[in-house]
Amino acid sequence: MNETNRNPNNLTREQLEVGLNQMKEWYPEESEKIDKHRDVILSHILDGVEIPKDNPIWNEKATSTSKPEEVDSSAITPCIRQIAAFGGEALVFTATVAGAVTAGRFSKFIDRAIESMFFKSEKYVRGITPLLEAFNAAEGSVAKATSFAPIAKKFYDFGFFQVLFDTMKDNSHWYDWVIDGAIALAQIIIWVASEFIAAIAEIALIILSAVHLLFTGVEAIQICSE
């Protein structure tokens with residue numbers, strides 16, 4: 001928790017407040033705690049102020065989120081499983097670019113939740129498949145990033161980013177979750193306002209190094225075409 005720069009995207013106080021308020025809207029059970037520690041959270045992110053070891057924020061515990069209804073894993077097709085694997089990679093990649101430094105820890109958890117959502121509604125597979133085909137066909141970092149933007153926007157519209165933050169909440173310390181959540185949500189909300197167009201330059205810098213993301217995208221279309 002003592003990273004020297006928790007604000008790599010130079011978000012303003014107002015933008016971070018939007019992120020915190022979105023977290024309160026998604027997680028009303030955490031609202032009181034978020035408000036209680038708001039000044040400490042913002043000072044840590046904006047000014048790099050280390051949080052004293054005796055600060056009560058370290059002792060906060062998250063209220064468990066409601067778990068998605070379990071589905072029979074034998075009923076999940078290879079196509080859905082691989083599309084979900086790509087979805088998990090895409091969510092973690094986007095959140096990491098947005099500044100959630102701990103997001104990479106949760107790939108193995110998010111896949112299962114996304115699988116369940118894809119299984120319950122074919123609209124998710126139908127909505128993402130043509131975008132994924134375009135993403136796979138794009139060549140070069142800028143083209144890849146440009147084709148990734150509508151995928152990220154579609155996942156936001158589907159509510160998948162909240163699923164990611166649910167997963168982070170249930171599998172990390174409260175202070176990591178709320179600080180990473182405020183940073184990433186503030187940035188993602190800015191990107192959503194531009195249909196993720198504003199994210200293209202940042203995504204282009206690293207998209208070609210996201211080897212597993214690229215691989216799962218190609219494999220998903222291959223499996224779903226069989």
# chains A, B, ... in the order shown; residues from 1 in each chain; ligands from 1
call {"tool": "residues_around", "arguments": {"residues": "Leu205 in chain A", "least_positions_apart": "3", "cutoff": "10 Å", "atoms": "only C-alpha atoms", "output": "PyMOL selection string"}}
result
chain A and resi 97+141-142+145+200-202+208-209
call {"tool": "select_by_dssp", "arguments": {"residues": "range 6-116 of chain A", "states": "helix (DSSP H, G or I)", "output": "MDAnalysis selection string"}}
result
chainID A and resid 13:26 28:36 38:47 56:59 73:75 78:97 103:116
call {"tool": "write_last_selection", "arguments": {"atoms": "C-alpha atoms", "output": "PDB file, in the first residue's frame"}}
result
ATOM      1  CA  ARG A  13     -10.012  15.428  -6.865  1.00  0.00           C
ATOM      2  CA  GLU A  14     -13.326  15.994  -8.633  1.00  0.00           C
ATOM      3  CA  GLN A  15     -12.788  12.990 -10.914  1.00  0.00           C
ATOM      4  CA  LEU A  16     -11.838  10.764  -7.980  1.00  0.00           C
ATOM      5  CA  GLU A  17     -14.916  11.949  -6.099  1.00  0.00           C
ATOM      6  CA  VAL A  18     -16.979  10.715  -9.055  1.00  0.00           C
ATOM      7  CA  GLY A  19     -15.250   7.333  -8.777  1.00  0.00           C
ATOM      8  CA  LEU A  20     -15.923   7.090  -5.041  1.00  0.00           C
ATOM      9  CA  ASN A  21     -19.537   8.124  -5.512  1.00  0.00           C
ATOM     10  CA  GLN A  22     -20.006   5.451  -8.179  1.00  0.00           C
ATOM     11  CA  MET A  23     -18.632   2.902  -5.720  1.00  0.00           C
ATOM     12  CA  LYS A  24     -21.158   4.097  -3.142  1.00  0.00           C
ATOM     13  CA  GLU A  25     -23.942   3.691  -5.700  1.00  0.00           C
ATOM     14  CA  TRP A  26     -22.841   0.171  -6.603  1.00  0.00           C
ATOM     15  CA  PRO A  28     -24.461   1.087  -0.631  1.00  0.00           C
ATOM     16  CA  GLU A  29     -23.430  -1.265   2.169  1.00  0.00           C
ATOM     17  CA  GLU A  30     -19.945   0.310   1.988  1.00  0.00           C
ATOM     18  CA  SER A  31     -21.158   3.916   1.725  1.00  0.00           C
ATOM     19  CA  GLU A  32     -20.659   4.841   5.372  1.00  0.00           C
ATOM     20  CA  LYS A  33     -17.111   3.464   5.424  1.00  0.00           C
ATOM     21  CA  ILE A  34     -16.201   5.211   2.175  1.00  0.00           C
ATOM     22  CA  ASP A  35     -17.386   8.548   3.550  1.00  0.00           C
ATOM     23  CA  LYS A  36     -15.620   7.934   6.866  1.00  0.00           C
ATOM     24  CA  ARG A  38     -12.796   9.725   2.114  1.00  0.00           C
ATOM     25  CA  ASP A  39     -10.200  12.340   3.084  1.00  0.00           C
ATOM     26  CA  VAL A  40      -7.547   9.705   3.846  1.00  0.00           C
ATOM     27  CA  ILE A  41      -8.240   7.931   0.551  1.00  0.00           C
ATOM     28  CA  LEU A  42      -8.040  11.116  -1.501  1.00  0.00           C
ATOM     29  CA  SER A  43      -4.887  12.368   0.247  1.00  0.00           C
ATOM     30  CA  HIS A  44      -3.200   9.030  -0.356  1.00  0.00           C
ATOM     31  CA  ILE A  45      -4.077   8.992  -4.056  1.00  0.00           C
ATOM     32  CA  LEU A  46      -3.588  12.666  -4.877  1.00  0.00           C
ATOM     33  CA  ASP A  47      -0.660  13.611  -2.650  1.00  0.00           C
ATOM     34  CA  PRO A  56      -8.627   2.581  11.299  1.00  0.00           C
ATOM     35  CA  ILE A  57      -8.895   2.158   7.517  1.00  0.00           C
ATOM     36  CA  TRP A  58      -6.574  -0.864   7.827  1.00  0.00           C
ATOM     37  CA  ASN A  59      -9.126  -2.644  10.004  1.00  0.00           C
ATOM     38  CA  SER A  73     -20.212 -26.282 -15.332  1.00  0.00           C
ATOM     39  CA  SER A  74     -21.013 -29.246 -17.577  1.00  0.00           C
ATOM     40  CA  ALA A  75     -23.681 -27.123 -19.288  1.00  0.00           C
ATOM     41  CA  PRO A  78     -16.441 -24.523 -24.893  1.00  0.00           C
ATOM     42  CA  CYS A  79     -17.465 -21.405 -26.846  1.00  0.00           C
ATOM     43  CA  ILE A  80     -18.959 -19.685 -23.798  1.00  0.00           C
ATOM     44  CA  ARG A  81     -16.024 -20.742 -21.635  1.00  0.00           C
ATOM     45  CA  GLN A  82     -13.488 -19.254 -24.038  1.00  0.00           C
ATOM     46  CA  ILE A  83     -15.480 -16.070 -24.666  1.00  0.00           C
ATOM     47  CA  ALA A  84     -15.648 -15.676 -20.881  1.00  0.00           C
ATOM     48  CA  ALA A  85     -11.892 -16.218 -20.626  1.00  0.00           C
ATOM     49  CA  PHE A  86     -11.393 -13.381 -23.098  1.00  0.00           C
ATOM     50  CA  GLY A  87     -13.890 -11.273 -21.151  1.00  0.00           C
ATOM     51  CA  GLY A  88     -11.965 -11.777 -17.931  1.00  0.00           C
ATOM     52  CA  GLU A  89      -8.688 -10.853 -19.620  1.00  0.00           C
ATOM     53  CA  ALA A  90     -10.265  -7.777 -21.207  1.00  0.00           C
ATOM     54  CA  LEU A  91     -11.745  -6.538 -17.926  1.00  0.00           C
ATOM     55  CA  VAL A  92      -8.520  -6.990 -15.987  1.00  0.00           C
ATOM     56  CA  PHE A  93      -6.511  -5.379 -18.802  1.00  0.00           C
ATOM     57  CA  THR A  94      -8.802  -2.341 -18.923  1.00  0.00           C
ATOM     58  CA  ALA A  95      -8.864  -1.909 -15.148  1.00  0.00           C
ATOM     59  CA  THR A  96      -5.072  -2.161 -15.024  1.00  0.00           C
ATOM     60  CA  VAL A  97      -4.671   0.497 -17.716  1.00  0.00           C
ATOM     61  CA  ALA A 103      -6.489  -6.000 -10.781  1.00  0.00           C
ATOM     62  CA  GLY A 104      -4.144  -8.578 -12.291  1.00  0.00           C
ATOM     63  CA  ARG A 105      -4.542 -10.809  -9.236  1.00  0.00           C
ATOM     64  CA  PHE A 106      -8.149 -11.576 -10.045  1.00  0.00           C
ATOM     65  CA  SER A 107      -8.140 -13.146 -13.512  1.00  0.00           C
ATOM     66  CA  LYS A 108      -8.800 -16.644 -12.183  1.00  0.00           C
ATOM     67  CA  PHE A 109     -11.766 -15.431 -10.111  1.00  0.00           C
ATOM     68  CA  ILE A 110     -13.453 -13.214 -12.683  1.00  0.00           C
ATOM     69  CA  ASP A 111     -13.647 -15.885 -15.401  1.00  0.00           C
ATOM     70  CA  ARG A 112     -16.112 -17.957 -13.396  1.00  0.00           C
ATOM     71  CA  ALA A 113     -18.451 -15.034 -12.754  1.00  0.00           C
ATOM     72  CA  ILE A 114     -18.344 -13.957 -16.395  1.00  0.00           C
ATOM     73  CA  GLU A 115     -18.991 -17.537 -17.541  1.00  0.00           C
ATOM     74  CA  SER A 116     -22.177 -17.533 -15.492  1.00  0.00           C
TER      75      SER A 116
END
call {"tool": "closest_residue", "arguments": {"among": "A:Arg6, A:Glu50, A:Tyr27, A:Glu60", "to": "Tyr175 in chain A", "atoms": "only C-alpha atoms"}}
result
A:Glu60
call {"tool": "closest_residue", "arguments": {"among": "A:Ala62, A:Asn9, A:Asp54, A:Val218", "to": "Ala137 in chain A", "atoms": "only C-alpha atoms"}}
result
A:Val218
call {"tool": "residues_around", "arguments": {"residues": "Ala138 in chain A", "least_positions_apart": "2", "cutoff": "12 Å", "atoms": "only C-alpha atoms", "output": "list in words"}}
result
Leu131, Leu132, Glu133, Ala134, Phe135, Asn136, Gly140, Ser141, Val142, Ala143, Lys144, Ala145, Thr146, Ser147, Phe148, Ile207, Leu208, Leu214, Gly217 and Val218 of chain A
call {"tool": "write_last_selection", "arguments": {"atoms": "N, CA and C atoms", "output": "mmCIF file, in the first residue's frame"}}
result
data_model
loop_
_atom_site.group_PDB
_atom_site.id
_atom_site.type_symbol
_atom_site.label_atom_id
_atom_site.label_comp_id
_atom_site.auth_asym_id
_atom_site.auth_seq_id
_atom_site.Cartn_x
_atom_site.Cartn_y
_atom_site.Cartn_z
ATOM 1 N N LEU A 131 -17.519 -7.879 -32.472
ATOM 2 C CA LEU A 131 -16.484 -6.944 -32.019
ATOM 3 C C LEU A 131 -15.163 -7.673 -31.818
ATOM 4 N N LEU A 132 -15.244 -8.887 -31.310
ATOM 5 C CA LEU A 132 -14.034 -9.679 -31.102
ATOM 6 C C LEU A 132 -13.418 -10.089 -32.430
ATOM 7 N N GLU A 133 -14.248 -10.404 -33.413
ATOM 8 C CA GLU A 133 -13.728 -10.739 -34.744
ATOM 9 C C GLU A 133 -12.965 -9.551 -35.333
ATOM 10 N N ALA A 134 -13.515 -8.344 -35.165
ATOM 11 C CA ALA A 134 -12.843 -7.142 -35.669
ATOM 12 C C ALA A 134 -11.534 -6.893 -34.917
ATOM 13 N N PHE A 135 -11.545 -7.141 -33.622
ATOM 14 C CA PHE A 135 -10.343 -6.978 -32.800
ATOM 15 C C PHE A 135 -9.249 -7.937 -33.260
ATOM 16 N N ASN A 136 -9.613 -9.178 -33.489
ATOM 17 C CA ASN A 136 -8.633 -10.170 -33.939
ATOM 18 C C ASN A 136 -8.048 -9.805 -35.300
ATOM 19 N N GLY A 140 -1.527 -3.977 -35.893
ATOM 20 C CA GLY A 140 -0.839 -2.807 -35.366
ATOM 21 C C GLY A 140 -1.468 -2.324 -34.073
ATOM 22 N N SER A 141 -0.687 -1.634 -33.266
ATOM 23 C CA SER A 141 -1.133 -1.252 -31.926
ATOM 24 C C SER A 141 -2.315 -0.293 -31.943
ATOM 25 N N VAL A 142 -2.288 0.695 -32.831
ATOM 26 C CA VAL A 142 -3.382 1.672 -32.856
ATOM 27 C C VAL A 142 -4.671 1.015 -33.332
ATOM 28 N N ALA A 143 -4.577 0.190 -34.371
ATOM 29 C CA ALA A 143 -5.770 -0.500 -34.874
ATOM 30 C C ALA A 143 -6.324 -1.454 -33.822
ATOM 31 N N LYS A 144 -5.442 -2.165 -33.124
ATOM 32 C CA LYS A 144 -5.886 -3.066 -32.059
ATOM 33 C C LYS A 144 -6.586 -2.278 -30.959
ATOM 34 N N ALA A 145 -5.977 -1.179 -30.543
ATOM 35 C CA ALA A 145 -6.563 -0.365 -29.472
ATOM 36 C C ALA A 145 -7.898 0.223 -29.900
ATOM 37 N N THR A 146 -7.970 0.665 -31.151
ATOM 38 C CA THR A 146 -9.215 1.247 -31.657
ATOM 39 C C THR A 146 -10.330 0.207 -31.678
ATOM 40 N N SER A 147 -10.001 -1.020 -32.043
ATOM 41 C CA SER A 147 -11.016 -2.076 -32.083
ATOM 42 C C SER A 147 -11.326 -2.623 -30.693
ATOM 43 N N PHE A 148 -10.428 -2.395 -29.737
ATOM 44 C CA PHE A 148 -10.690 -2.831 -28.365
ATOM 45 C C PHE A 148 -11.660 -1.887 -27.662
ATOM 46 N N ILE A 207 -1.071 -2.731 -25.764
ATOM 47 C CA ILE A 207 -1.983 -3.781 -26.223
ATOM 48 C C ILE A 207 -1.239 -4.954 -26.854
ATOM 49 N N LEU A 208 -0.177 -4.695 -27.595
ATOM 50 C CA LEU A 208 0.521 -5.791 -28.270
ATOM 51 C C LEU A 208 1.346 -6.637 -27.304
ATOM 52 N N LEU A 214 -4.605 -11.279 -26.318
ATOM 53 C CA LEU A 214 -4.659 -11.498 -27.765
ATOM 54 C C LEU A 214 -4.905 -12.970 -28.086
ATOM 55 N N GLY A 217 -8.501 -14.115 -27.345
ATOM 56 C CA GLY A 217 -9.431 -13.576 -28.333
ATOM 57 C C GLY A 217 -9.464 -14.410 -29.598
ATOM 58 N N VAL A 218 -8.291 -14.747 -30.097
ATOM 59 C CA VAL A 218 -8.205 -15.575 -31.308
ATOM 60 C C VAL A 218 -8.790 -16.959 -31.048
#
call {"tool": "closest_residue", "arguments": {"among": "A:Thr12, A:Ile76, A:Gly99, A:Ala204", "to": "Ser121 in chain A", "atoms": "only C-alpha atoms"}}
result
A:Ile76
call {"tool": "closest_residue", "arguments": {"among": "A:Lys120, A:Ala98, A:Cys224, A:Ser64", "to": "Gln187 in chain A", "atoms": "only C-alpha atoms"}}
result
A:Ala98
call {"tool": "residues_around", "arguments": {"residues": "Ile197 in chain A", "least_positions_apart": "4", "cutoff": "9 Å", "atoms": "only C-alpha atoms", "output": "ChimeraX atom specification"}}
result
/A:146,149-150,191-193,201
